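Here is structure.cif, consisting of mmCIF, C-alpha atoms:
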data_model
loop_
_atom_site.label_atom_id
_atom_site.label_comp_id
_atom_site.auth_asym_id
_atom_site.auth_seq_id
_atom_site.Cartn_x
_atom_site.Cartn_y
_atom_site.Cartn_z
CA MET W 1254 36.82 21.08 -5.86
CA VAL W 1255 39.36 18.34 -5.23
CA GLY W 1256 41.17 20.70 -2.95
CA GLU W 1257 37.97 21.29 -0.97
CA MET W 1258 37.38 17.57 -0.71
CA LEU W 1259 40.90 17.08 0.56
CA ILE W 1260 40.43 19.82 3.12
CA ASN W 1261 37.17 18.28 4.25
CA GLU W 1262 38.82 14.89 4.47
CA GLU W 1263 41.63 16.37 6.51
CA LYS W 1264 39.12 18.05 8.78
CA GLY W 1265 37.28 14.75 9.12
CA THR W 1266 40.48 13.08 10.26
CA GLU W 1267 41.63 15.94 12.39
CA GLU W 1268 38.46 16.07 14.44
CA PRO W 1269 38.64 12.56 15.92
CA PHE W 1270 42.40 12.95 16.29
CA THR W 1271 41.97 16.07 18.39
CA LYS W 1272 39.17 14.50 20.39
CA TYR W 1273 40.72 11.12 21.15
CA LYS W 1274 44.49 11.40 20.88
CA ASP W 1275 44.97 11.91 24.61
CA ILE W 1276 42.82 9.08 25.86
CA LEU W 1277 44.14 6.75 23.14
CA TYR W 1278 47.70 7.61 24.07
CA ARG W 1279 46.98 6.89 27.75
CA ILE W 1280 45.41 3.53 26.94
CA ALA W 1281 48.26 2.64 24.58
CA PHE W 1282 50.81 3.68 27.21
CA SER W 1283 49.10 1.59 29.89
CA ASN W 1284 49.61 -1.42 27.60
CA MET W 1285 53.01 -0.70 26.08
CA LYS W 1286 54.53 1.04 29.12
CA ASN W 1287 56.64 3.44 27.10
CA GLN W 1288 56.09 6.62 25.16
CA ALA W 1289 57.54 5.61 21.79
CA ASP W 1290 55.47 2.44 21.44
CA ALA W 1291 52.34 4.20 22.69
CA GLU W 1292 52.71 6.91 20.05
CA ASP W 1293 53.23 4.28 17.35
CA VAL W 1294 50.07 2.52 18.43
CA VAL W 1295 48.00 5.71 18.30
CA GLN W 1296 49.39 6.52 14.87
CA GLU W 1297 48.55 3.03 13.63
CA ALA W 1298 45.00 3.38 15.00
CA PHE W 1299 44.43 6.55 12.98
CA CYS W 1300 45.95 4.93 9.89
CA ARG W 1301 43.40 2.13 10.23
CA TYR W 1302 40.66 4.72 10.64
CA LEU W 1303 41.71 6.41 7.40
CA LYS W 1304 41.91 3.10 5.56
CA THR W 1305 38.58 1.68 6.66
CA LYS W 1306 36.62 4.94 7.15
CA PRO W 1307 34.03 3.34 9.39
CA VAL W 1308 30.60 4.91 9.88
CA PHE W 1309 29.61 5.49 13.48
CA ALA W 1310 26.16 5.70 15.01
CA ASP W 1311 27.21 8.27 17.61
CA GLU W 1312 30.20 9.72 19.39
CA ASN W 1313 30.31 6.92 21.96
CA HIS W 1314 30.44 4.37 19.18
CA GLU W 1315 33.26 6.27 17.53
CA ARG W 1316 35.29 6.59 20.73
CA ASN W 1317 34.77 2.94 21.66
CA TRP W 1318 35.88 1.89 18.17
CA PHE W 1319 39.14 3.81 18.53
CA ILE W 1320 39.80 2.36 21.98
CA ARG W 1321 39.11 -1.17 20.76
CA VAL W 1322 41.46 -0.68 17.81
CA VAL W 1323 44.21 0.65 20.11
CA ILE W 1324 43.85 -2.30 22.48
CA ASN W 1325 43.91 -4.74 19.57
CA ILE W 1326 47.03 -3.15 18.10
CA CYS W 1327 48.70 -3.42 21.50
CA TYR W 1328 47.75 -7.11 21.72
CA ASP W 1329 49.10 -7.69 18.19
CA ILE W 1330 52.42 -6.05 19.00
CA GLN W 1331 52.77 -7.91 22.27
CA LYS W 1332 52.08 -11.21 20.53
CA SER W 1333 54.51 -10.52 17.70
CA ALA W 1334 57.72 -12.48 17.31
CA TRP W 1335 59.77 -9.30 17.48
CA PHE W 1336 58.24 -8.28 20.79
CA SER W 1337 58.71 -11.73 22.30
CA ARG W 1338 62.40 -11.76 21.26
CA THR W 1339 63.12 -8.35 22.72
CA VAL W 1340 62.93 -7.40 26.35
CA GLY W 1341 59.48 -6.06 27.03
CA PHE W 1342 58.74 -4.01 30.10
CA ASP W 1343 56.99 -5.80 32.92
CA GLU W 1344 57.25 -2.71 35.03
CA VAL W 1345 56.85 0.86 33.91
CA PRO W 1346 60.40 2.29 33.83
CA GLU W 1347 60.84 5.37 35.95
CA ARG W 1348 62.10 7.40 32.99
CA GLU W 1349 58.84 6.65 31.18
CA MET W 1350 56.57 7.66 34.04
CA LYS W 1351 56.99 11.34 33.24
CA HIS W 1352 55.45 10.70 29.81
CA PHE W 1353 52.17 9.68 31.34
CA SER W 1354 49.71 11.85 33.18
CA LEU W 1355 46.05 11.63 34.01
CA PRO W 1356 44.20 14.90 33.52
CA PHE W 1357 41.87 14.96 36.49
CA VAL W 1358 43.17 12.28 38.80
CA GLN W 1359 46.15 12.42 41.06
CA GLU W 1360 48.48 9.60 40.13
CA ASP W 1361 49.53 7.14 42.76
CA ASP W 1362 51.71 4.04 42.86
CA MET W 1363 48.67 1.88 42.35
CA LEU W 1364 48.36 3.16 38.78
CA TRP W 1365 51.76 1.68 37.87
CA GLN W 1366 50.87 -1.53 39.67
CA VAL W 1367 47.71 -1.79 37.55
CA MET W 1368 49.77 -1.35 34.37
CA GLU W 1369 52.06 -4.18 35.39
CA LEU W 1370 49.25 -6.72 35.42
CA ALA W 1371 48.52 -8.89 32.39
CA ALA W 1372 46.63 -6.95 29.71
CA ALA W 1373 43.47 -9.02 30.24
CA TYR W 1374 43.25 -7.56 33.76
CA SER W 1375 45.01 -4.24 33.43
CA ASN W 1376 42.79 -2.97 30.60
CA PRO W 1377 39.46 -3.43 32.42
CA LEU W 1378 40.96 -2.09 35.65
CA TYR W 1379 42.49 0.92 33.94
CA LEU W 1380 39.34 1.77 31.98
CA PHE W 1381 37.03 1.21 34.96
CA TYR W 1382 38.95 3.18 37.57
CA TYR W 1383 41.19 5.65 35.79
CA GLU W 1384 39.06 6.48 32.73
CA ASP W 1385 35.73 6.06 34.54
CA TYR W 1386 34.14 3.66 32.06
CA SER W 1387 31.18 1.56 33.08
CA ILE W 1388 31.27 -2.23 33.04
CA ARG W 1389 28.87 -2.23 30.08
CA GLU W 1390 31.10 0.12 28.07
CA ILE W 1391 34.19 -1.95 28.85
CA ALA W 1392 32.32 -5.07 27.76
CA GLN W 1393 31.47 -3.38 24.46
CA ILE W 1394 35.00 -2.09 23.91
CA MET W 1395 36.71 -5.38 24.72
CA GLU W 1396 33.95 -7.48 23.14
CA LEU W 1397 33.38 -9.44 26.31
CA GLU W 1398 30.39 -10.37 28.43
CA GLU W 1399 29.65 -8.00 31.32
CA GLY W 1400 30.10 -10.91 33.72
CA THR W 1401 33.58 -11.56 32.31
CA VAL W 1402 34.53 -7.92 32.84
CA LYS W 1403 33.31 -8.10 36.44
CA THR W 1404 35.31 -11.27 37.01
CA ARG W 1405 38.45 -9.71 35.53
CA LEU W 1406 38.02 -6.63 37.68
CA ARG W 1407 37.66 -8.79 40.76
CA ARG W 1408 40.60 -11.03 39.90
CA GLY W 1409 42.72 -8.05 38.90
CA ARG W 1410 42.11 -6.42 42.26
CA GLN W 1411 42.90 -9.70 43.98
CA MET W 1412 46.20 -9.91 42.07
CA LEU W 1413 47.06 -6.37 43.10
CA LYS W 1414 46.43 -7.22 46.72
CA GLU W 1415 48.60 -10.30 46.44
CA ARG W 1416 51.37 -8.32 44.78
CA LEU W 1417 51.29 -5.81 47.56
CA LEU W 1418 51.20 -8.48 50.24
CA PHE W 1419 53.74 -10.91 48.82
CA GLY W 1420 55.65 -8.63 46.48
CA GLU W 1421 55.01 -10.83 43.48
CA GLU W 1422 52.00 -11.72 41.41
CA LYS W 1423 50.94 -15.34 41.61
CA LYS W 1424 51.26 -16.80 38.17
CA LYS W 1425 48.09 -18.55 37.19
CA MET R 345 11.36 -45.62 89.66
CA GLN R 346 13.39 -42.91 88.09
CA ILE R 347 11.28 -43.13 84.94
CA ASN R 348 8.10 -42.60 86.96
CA GLU R 349 9.54 -39.56 88.65
CA LEU R 350 10.51 -38.17 85.30
CA GLY R 351 6.94 -38.72 84.07
CA LYS R 352 5.56 -36.91 87.10
CA SER R 353 7.81 -33.96 86.63
CA ARG R 354 6.76 -33.80 83.00
CA ALA R 355 3.12 -33.81 84.05
CA ASN R 356 3.84 -30.99 86.49
CA LEU R 357 5.55 -29.05 83.84
CA GLY R 358 2.53 -29.45 81.56
CA GLY R 359 0.29 -28.10 84.33
CA ILE R 360 2.53 -25.21 84.93
CA GLY R 361 2.59 -24.51 81.21
CA GLU R 362 -1.20 -24.36 81.09
CA ALA R 363 -1.31 -22.02 84.02
CA VAL R 364 1.27 -19.82 82.42
CA GLY R 365 -0.76 -19.82 79.22
CA LYS R 366 -3.84 -18.53 81.03
CA ALA R 367 -1.83 -15.97 82.86
CA LYS R 368 -0.40 -14.88 79.52
CA GLN R 369 -3.84 -14.37 78.05
CA LYS R 370 -4.91 -12.30 80.96
CA SER R 371 -1.78 -10.19 81.10
CA GLN R 372 -1.88 -9.51 77.35
CA SER R 373 -5.31 -7.94 77.62
CA GLU R 374 -4.14 -5.90 80.56
CA ILE R 375 -1.00 -4.85 78.69
CA ALA R 376 -3.08 -3.81 75.68
CA GLY R 377 -5.06 -1.48 77.87
CA LYS R 378 -1.92 -0.09 79.41
CA ASN R 379 -0.40 0.43 75.97
CA ASP R 380 -3.40 2.48 74.92
CA ARG R 381 -2.98 4.67 77.95
CA ASN R 382 0.76 4.98 77.27
CA LYS R 383 0.02 5.90 73.66
CA LEU R 384 -2.32 8.64 74.80
CA THR R 385 0.26 10.11 77.14
CA GLU R 386 2.94 9.85 74.41
CA GLU R 387 0.67 11.58 71.92
CA SER R 388 -0.12 14.39 74.30
CA PHE R 389 3.59 14.74 75.02
CA GLN R 390 4.37 14.85 71.28
CA ASP R 391 1.59 17.39 70.73
CA SER R 392 3.01 19.71 73.33
CA LEU R 393 6.50 19.20 71.97
CA GLN R 394 5.29 19.89 68.46
CA LYS R 395 3.67 23.11 69.60
CA SER R 396 6.87 24.27 71.23
CA MET R 397 8.85 23.32 68.12
CA ASN R 398 6.39 25.20 65.93
CA MET R 399 6.88 28.22 68.12
CA GLU R 400 10.64 27.89 67.61
CA ASN R 401 10.18 27.65 63.85
CA PHE R 402 8.01 30.72 63.92
CA THR R 403 10.71 32.73 65.64
CA GLU R 404 13.56 31.35 63.51
CA SER R 405 13.54 32.79 60.02
CA GLY R 406 16.27 30.63 58.45
CA ALA R 407 14.62 27.23 58.81
CA SER R 408 15.11 25.27 55.62
CA GLY R 409 12.18 23.37 54.15
CA ILE R 410 13.78 19.99 53.62
CA ASN R 411 11.29 17.36 52.63
CA ASN R 412 10.78 14.13 54.46
CA GLU R 413 12.07 11.74 51.83
CA SER R 414 14.18 8.80 52.90
CA GLU R 415 17.68 9.86 53.68
CA TRP R 416 20.72 7.80 54.35
CA ARG R 417 24.40 7.78 55.06
CA PRO R 418 26.49 5.14 53.36
CA ASP R 419 28.70 3.13 55.67
CA GLY R 420 27.34 5.14 58.54
CA ALA R 421 27.33 2.08 60.73
CA GLY R 422 31.05 2.43 61.23
CA ARG R 423 30.65 5.72 63.01
CA PRO R 424 30.33 5.87 66.81
CA GLY R 425 26.65 5.74 67.47
CA GLY R 426 26.23 3.88 64.17
CA GLY R 427 23.25 3.59 61.90
CA VAL R 428 21.64 5.89 59.44
CA ILE R 429 21.97 9.58 60.08
CA SER R 430 19.94 12.04 58.10
CA ARG R 431 19.88 15.78 57.65
CA LYS R 432 16.88 16.05 59.89
CA ASP R 433 18.70 13.95 62.50
CA ALA R 434 21.31 16.65 62.60
CA GLY R 435 18.65 19.26 63.20
CA PHE R 436 17.95 20.55 59.68
CA GLY R 437 14.36 19.52 58.97
CA LYS R 438 12.93 21.60 61.78
CA ASN R 439 9.48 22.18 60.42
CA LYS R 440 8.61 18.49 60.26
CA ALA R 441 6.96 17.08 63.33
CA GLU R 442 7.63 13.45 62.38
CA GLY R 443 11.32 13.62 63.08
CA ILE R 444 11.04 15.08 66.55
CA SER R 445 11.78 11.98 68.56
CA ILE R 446 14.73 11.05 66.32
CA ARG R 447 16.12 14.56 66.51
CA MET R 448 15.97 14.48 70.27
CA GLU R 449 18.04 11.31 70.37
CA ARG R 450 20.72 12.30 67.88
CA SER R 451 20.87 16.05 67.70
CA GLY R 452 24.58 15.98 68.52
CA GLU R 453 25.62 13.86 65.51
CA PRO R 454 27.98 15.73 63.19
CA GLY R 455 27.75 15.57 59.39
CA SER R 456 24.69 15.24 57.23
CA ALA R 457 23.94 13.44 53.99
CA LYS R 458 20.95 13.17 51.76
CA GLY R 459 20.57 10.45 49.16
CA VAL R 460 20.09 11.98 45.72
CA GLU R 461 19.83 10.87 42.14
CA VAL R 462 23.10 9.88 40.46
CA ARG R 463 24.19 12.51 37.92
CA ARG R 464 27.00 10.45 36.34
CA LEU R 465 29.58 13.21 36.40
CA SER R 466 32.73 12.81 34.41
CA TYR R 467 36.08 13.27 36.13
CA SER R 468 36.52 16.57 34.33
CA GLU R 469 33.38 17.99 35.91
CA CYS R 470 34.46 17.15 39.45
CA ASP R 471 36.34 19.21 41.99
CA LYS R 472 37.91 16.17 43.56
CA VAL R 473 38.35 12.57 42.46
CA GLU R 474 39.53 9.69 44.59
CA ILE R 475 40.34 6.27 43.19
CA ASN R 476 40.81 3.31 45.46
CA VAL R 477 41.48 0.27 43.30
CA LEU R 478 42.20 -2.07 46.20
CA GLU R 479 38.96 -1.23 47.95
CA GLY R 480 37.22 -1.22 44.59
CA TYR R 481 35.59 2.19 44.49
CA THR R 482 35.87 5.61 42.91
CA LEU R 483 34.63 8.81 44.48
CA LYS R 484 33.76 12.07 42.78
CA ALA R 485 32.97 15.25 44.61
CA LYS R 486 31.58 18.50 43.27
CA LEU R 487 30.76 21.65 45.16
CA GLU R 488 27.25 22.94 44.61
CA THR R 489 27.34 26.49 43.38
CA ASP R 490 23.62 27.13 43.60
CA GLY R 491 21.73 27.81 46.80
CA GLU R 492 24.01 28.85 49.59
CA GLY R 493 27.04 29.04 47.33
CA ASN R 494 30.62 28.66 48.42
CA VAL R 495 30.22 30.22 51.82
CA PRO R 496 32.68 28.36 54.07
CA GLY R 497 30.76 25.96 56.24
CA GLY R 498 27.58 26.71 54.38
CA CYS R 499 27.99 25.00 51.01
CA ARG R 500 26.71 21.67 49.83
CA ILE R 501 28.82 18.98 48.24
CA TYR R 502 27.57 16.40 45.79
CA VAL R 503 29.43 13.10 46.11
CA GLU R 504 29.12 10.15 43.75
CA MET R 505 30.47 6.69 44.46
CA LYS R 506 31.01 3.82 42.04
CA ASP R 507 31.64 0.45 43.63
CA GLU R 508 33.39 -2.60 42.19
CA GLU R 509 30.16 -3.91 40.67
CA GLY R 510 29.69 -0.63 38.84
CA THR R 511 26.78 0.34 41.06
CA MET R 512 26.57 4.04 41.63
CA LYS R 513 25.15 5.97 44.53
CA ALA R 514 25.17 9.64 45.28
CA CYS R 515 24.46 11.93 48.15
CA LEU R 516 24.48 15.56 48.98
CA PHE R 517 26.42 16.65 52.04
CA ASP R 518 25.86 19.79 54.00
CA GLY R 519 29.22 21.48 54.45
CA ALA R 520 28.49 22.57 57.99
CA GLY R 521 28.33 19.11 59.49
CA LEU R 522 31.31 17.42 57.86
CA GLU R 523 34.01 15.60 59.75
CA LYS R 524 37.60 15.55 58.54
CA ASN R 525 38.39 12.13 59.95
CA SER R 526 35.08 10.49 59.26
CA ARG R 527 35.05 6.73 58.71
CA ASP R 528 32.75 7.30 55.77
CA ALA R 529 34.82 7.75 52.60
CA MET R 530 32.09 9.85 50.97
CA GLU R 531 32.06 12.28 53.85
CA ARG R 532 35.85 12.48 53.84
CA ILE R 533 36.01 13.42 50.15
CA ALA R 534 33.20 15.93 50.65
CA TYR R 535 35.25 17.53 53.41
CA ALA R 536 38.40 17.48 51.27
CA ALA R 537 36.61 19.01 48.28
CA MET R 538 35.17 21.79 50.41
CA HIS R 539 38.47 22.66 52.07
CA ASP R 540 40.50 22.44 48.85
CA GLU R 541 38.13 25.01 47.40
CA GLU R 542 38.60 27.26 50.40
CA GLU R 543 42.39 27.02 50.07
CA VAL R 544 42.20 27.96 46.37
#
Produce structure tokens that represent the structure in this file.
Amino acid sequence: MVGEMLINEEKGTEEPFTKYKDILYRIAFSNMKNQADAEDVVQEAFCRYLKTKPVFADENHERNWFIRVVINICYDIQKSAWFSRTVGFDEVPEREMKHFSLPFVQEDDMLWQVMELAAAYSNPLYLFYYEDYSIREIAQIMELEEGTVKTRLRRGRQMLKERLLFGEEKKK
Amino acid sequence: MQINELGKSRANLGGIGEAVGKAKQKSQSEIAGKNDRNKLTEESFQDSLQKSMNMENFTESGASGINNESEWRPDGAGRPGGGVISRKDAGFGKNKAEGISIRMERSGEPGSAKGVEVRRLSYSECDKVEINVLEGYTLKAKLETDGEGNVPGGCRIYVEMKDEEGTMKACLFDGAGLEKNSRDAMERIAYAAMHDEEEV
């Protein structure tokens, strides 16, 4: 009986892991810019899932919860004292690029440029363009107003243009 | 002295204006009559044209029955000749008399697009995806397998566009009229999707 329960529990964990591990890894990588940290973030997200065992209304709710948790973990790590004392990556190192691939989209240099933006801009841009999320979904995931998401998308694109034109992002 | 002359000229102008006004009234009534006559000759011309077109349709067996709903081409204004170009413009809606005059003017325009309902395809469902972050849009193209199928030059391509505001629009392209170097991004991806499929 206990064994059955354990198996069911394992199945319950395995299912979301199988469904979301790839997208969660991509989102974590776009924030952390390296494979090792991205994997740690995904692992931590599933640990939180096991600890809290949240109840979801539907699959979208479940997926959005995982994405939000991954983004929050990335923010927490980036804000941590350890991370600020060590050398974080502003750019995606070339050796790390091979650890990232989009399943249906041909990667271009713009993808790496998007990842180099501040997380407040890179996350909406990445989700909107490369994961094909709508503005409403991004607003739900990031717990922002739709207008704020639109503004960040616009400013993010503007920053990209400036980076391409002047070679360096204007610090605001 | 000068002031008086100015006043006179103003008075003359007023007189002239009145005369012009009367002349206008008269000519408008005349023009209205002429317009009626012109309309009659146009109608008879269209009737005869319609008859000849109907004869053509009768002899041609492959005429497709495309309805007369509003059709559009996004960013079509950039193309030489500009403006909105529809399937019937390119000579597809042959059994509709309404489009005759338009077809006569633009029968040589390549490419054809029909505005359709957005299906909200995921990237995985598409044959080709194009992301342009700087321009602020994403494009998704999918070959239509129903109807004419994947016959080269005969297939249809569904293209969906999401702009920077998240607004989506979609249209269906006819493979036969696509241009490789079109200024319209939707037409370009439709062309690319069709020819990638052919290569595979």
Practice problem: Using all atoms listed in the file, find the residues of chain R whose closest atom to chain W is at most 9 Å away, then write them as number ranges by chain. | Solution: R: 466-468, 470-482, 508-510
Quiz item: What's the 8 Å shell around Ser1283 (chain W), counting all atoms listed in the file, without same-chain residues fewer than 6 positions away, as a PyMOL selection string?
Solution: chain W and resi 1368+1375-1376+1379
Quiz item: CA of Met512 (chain R) and CA of Val1322 (chain W), how far apart in Å?
Solution: 28.5 Å
Practice problem: Using the chain letters and numbers from the file, give me the residues hit by the PyMOL selection byres ((chain W and resi 1301) around 12), as a PyMOL selection string. | Solution: chain W and resi 1266+1294-1300+1302-1307+1318-1319+1321-1323+1325-1326
Self-check item: Proximity to Met530 (chain R) - best of R:Arg464, R:Lys458, R:Lys484, R:Arg500, only C-alpha atoms
Solution: R:Lys484
Quiz item: In Å, how far is it from CA of Asn1287 (chain W) to CA of Ser1354 (chain W)?
Solution: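 According to the coordinates, CA of Asn1287 (chain W) and CA of Ser1354 (chain W) are separated by 12.5 Å.
Taking CA of Tyr502 (chain R) and CA of Ala536 (chain R) as the two end points, the separation is 12.2 Å.
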Practice problem: Taking the point (57.2, -1.4, 40.5) as given in the file, collect each protein or nucleic acid residue that comes within 8 Å of it, counting all atoms listed in the file, and present the set as a VMD selection string. | Solution: chain W and resid 1344 to 1345 1365 to 1366 1369
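Considering all atoms listed in the file, the residue among R:Leu465, R:Ala514, R:Gly459, R:Leu522 positioned nearest to Ala534 (chain R) is R:Leu522.
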Quiz item: W:Arg1408, W:Lys1351, W:Arg1416, W:Lys1286: which is nearest Pro1377 (chain W), counting only C-alpha atoms?
Solution: W:Arg1408
Would you compute an axis-aligned box for region 1269-1276 of chain W, covering every atom listed for it in the file with 8 Å of margin on each side, and report centre and edge lengths in Å to one decimal as lines of an AutoDock Vina configuration file?
center_x = 41.8
center_y = 12.6
center_z = 20.9
size_x = 22.3
size_y = 23.0
size_z = 25.9
